[in-house]
Amino acid sequence: MTETPYDLALGIHADALNSGLKSLHGRHRAVFQGQYGPETIEDIAYTFSWDFLEPPELILEKPDAELWAKMIKAQGVTDLPDSGVLQIHAPQLQVNGTIAGDALPQGVSEVKVAVQAKVDAGAITIVPLGVRLSDIPDPYTKIMVEKVIVPNVLDQAKSLLSGLKLPVQDLFGQQVTLTPVLLDVTGTHLVLTATAGTGQAPATGASSGAATDWPSDKQVFLLVGRDLMARLLQGALDQWRDTELANDDKTLIGVGSVWWKATFRSAANVKVDESDPTSVSADFDIPWSVGLDLFPIAPGKGCALFKASQES
């Protein structure tokens, strides 16, 4: 089975992500709309509004060299980063605008945006890289495209992915703070890894630059490292502390009665096997007792056949 050097890894397939974007687009259209201005650029007043008529989709791979060469780059960007790059494809972006108070014809453009998803100082960061728009009517001047449309499309693309986060979780009574470590773009999945603030050291090998051979055949997967798994299992077992597991008896007609008792007192030293992560061991403290009382042969006379018990 696939293991992870991180405390936790959450992988989501592109199909699942795009299904979520489609649902979001259908229910919350305002998220995919916006407006800019009026703003004066080189002594000319501009306004701009946009609307993603169809839900955008994520493409979990870099743009090819030809597409990247055609993209209008974000300020300060020249080359594609080595990792974490994905694309947002919008089949229909409707734009409206004015230049110096004159309304421009409504335009609809296909848009592809390249961004980098990465973790910086424990926070998820989306870095816009470049935009490619299909042919835009002449009235949309070069300055309108480069100074107004492109920066706003980049900001919109950034906001669509900025909701990724791993909040503090209460798991089996354990308050676990998950700190993002790596965002990995695999071609099929977007994988978010994290270390857990559980009082233990971070999982061995967990670093911001190490990727893993993640599962590729599941829409969503969640991998938990040994240290965190042991801590969660310990927390789950602690919820059973001093719980009565059994306290019952049964009468055997003509013979006597059988009784038994057992209590789960505690568990300690929970460990996940190094060679088999599906195997777990622990030291259990479970006092128990069982016995058989014979029916008396005469009033006031009887005997106990046996009584066995284990006390810690």
# chains A, B, ... in the order shown; residues from 1 in each chain; ligands from 1
$ residues_around --residues "A:Glu244" --least-positions-apart "4" --cutoff "10 Å" --atoms "only C-alpha atoms" --output "PyMOL selection string"
chain A and resi 240+261-265+286-287
$ select_by_dssp --residues "stretch 45-288 of chain A" --states "strand (DSSP E)" --output "PyMOL selection string"
chain A and resi 45-52+57-59+72-73+85-99+102-103+107-120+123-133+169-171+174-185+189-197+220-224+243-252+256-264+266-272+280-285+288
$ closest_residue --among "A:Val272, A:Met144, A:Val258, A:Ile253" --to "A:Gly291" --atoms "only C-alpha atoms"
A:Val258
$ closest_residue --among "A:Asp213, A:Asp248, A:Asp64, A:Glu57" --to "A:Ala9" --atoms "only C-alpha atoms"
A:Asp213
$ closest_residue --among "A:Asp51, A:Asp102, A:Asp7, A:Glu61" --to "A:Gln156" --atoms "only C-alpha atoms"
A:Asp51
$ decode --residues "stretch 60-107 of chain A" --atoms "C-alpha atoms" --output "PDB file, in the first residue's frame"
ATOM      1  CA  LEU A  60      -3.319  19.607 -13.557  1.00  0.00           C
ATOM      2  CA  GLU A  61      -0.255  20.079 -15.725  1.00  0.00           C
ATOM      3  CA  LYS A  62       1.984  22.811 -17.086  1.00  0.00           C
ATOM      4  CA  PRO A  63       1.112  24.615 -20.316  1.00  0.00           C
ATOM      5  CA  ASP A  64       3.213  23.311 -23.191  1.00  0.00           C
ATOM      6  CA  ALA A  65       6.026  25.425 -24.568  1.00  0.00           C
ATOM      7  CA  GLU A  66       3.925  26.803 -27.437  1.00  0.00           C
ATOM      8  CA  LEU A  67       1.076  27.918 -25.176  1.00  0.00           C
ATOM      9  CA  TRP A  68       3.452  29.379 -22.578  1.00  0.00           C
ATOM     10  CA  ALA A  69       5.184  31.435 -25.271  1.00  0.00           C
ATOM     11  CA  LYS A  70       1.822  32.983 -26.229  1.00  0.00           C
ATOM     12  CA  MET A  71       0.785  33.797 -22.675  1.00  0.00           C
ATOM     13  CA  ILE A  72       0.942  37.345 -21.326  1.00  0.00           C
ATOM     14  CA  LYS A  73       3.168  36.915 -18.288  1.00  0.00           C
ATOM     15  CA  ALA A  74       2.466  38.232 -14.817  1.00  0.00           C
ATOM     16  CA  GLN A  75       4.752  41.008 -13.662  1.00  0.00           C
ATOM     17  CA  GLY A  76       8.216  39.674 -12.874  1.00  0.00           C
ATOM     18  CA  VAL A  77       7.578  36.225 -14.391  1.00  0.00           C
ATOM     19  CA  THR A  78       9.706  34.937 -17.275  1.00  0.00           C
ATOM     20  CA  ASP A  79      10.028  31.162 -16.843  1.00  0.00           C
ATOM     21  CA  LEU A  80       7.731  28.419 -15.651  1.00  0.00           C
ATOM     22  CA  PRO A  81       8.546  27.069 -12.154  1.00  0.00           C
ATOM     23  CA  ASP A  82       9.694  23.462 -11.901  1.00  0.00           C
ATOM     24  CA  SER A  83       6.808  22.273  -9.718  1.00  0.00           C
ATOM     25  CA  GLY A  84       3.251  22.976  -8.632  1.00  0.00           C
ATOM     26  CA  VAL A  85       2.096  24.433 -11.965  1.00  0.00           C
ATOM     27  CA  LEU A  86      -1.490  23.944 -13.165  1.00  0.00           C
ATOM     28  CA  GLN A  87      -3.884  25.665 -15.541  1.00  0.00           C
ATOM     29  CA  ILE A  88      -7.358  27.138 -15.231  1.00  0.00           C
ATOM     30  CA  HIS A  89      -9.307  26.906 -18.486  1.00  0.00           C
ATOM     31  CA  ALA A  90     -12.357  29.150 -18.940  1.00  0.00           C
ATOM     32  CA  PRO A  91     -14.209  28.322 -22.187  1.00  0.00           C
ATOM     33  CA  GLN A  92     -16.217  31.553 -22.127  1.00  0.00           C
ATOM     34  CA  LEU A  93     -15.165  34.712 -20.323  1.00  0.00           C
ATOM     35  CA  GLN A  94     -17.515  37.588 -21.091  1.00  0.00           C
ATOM     36  CA  VAL A  95     -16.031  41.074 -20.709  1.00  0.00           C
ATOM     37  CA  ASN A  96     -17.502  44.563 -20.820  1.00  0.00           C
ATOM     38  CA  GLY A  97     -15.641  47.815 -20.523  1.00  0.00           C
ATOM     39  CA  THR A  98     -15.324  51.499 -21.191  1.00  0.00           C
ATOM     40  CA  ILE A  99     -12.418  53.623 -22.347  1.00  0.00           C
ATOM     41  CA  ALA A 100     -12.641  57.353 -21.581  1.00  0.00           C
ATOM     42  CA  GLY A 101     -16.369  56.958 -20.935  1.00  0.00           C
ATOM     43  CA  ASP A 102     -17.110  55.220 -24.254  1.00  0.00           C
ATOM     44  CA  ALA A 103     -18.655  51.781 -23.979  1.00  0.00           C
ATOM     45  CA  LEU A 104     -16.814  48.997 -25.775  1.00  0.00           C
ATOM     46  CA  PRO A 105     -18.586  46.145 -27.574  1.00  0.00           C
ATOM     47  CA  GLN A 106     -19.204  43.132 -25.357  1.00  0.00           C
ATOM     48  CA  GLY A 107     -16.589  40.453 -25.949  1.00  0.00           C
TER      49      GLY A 107
END
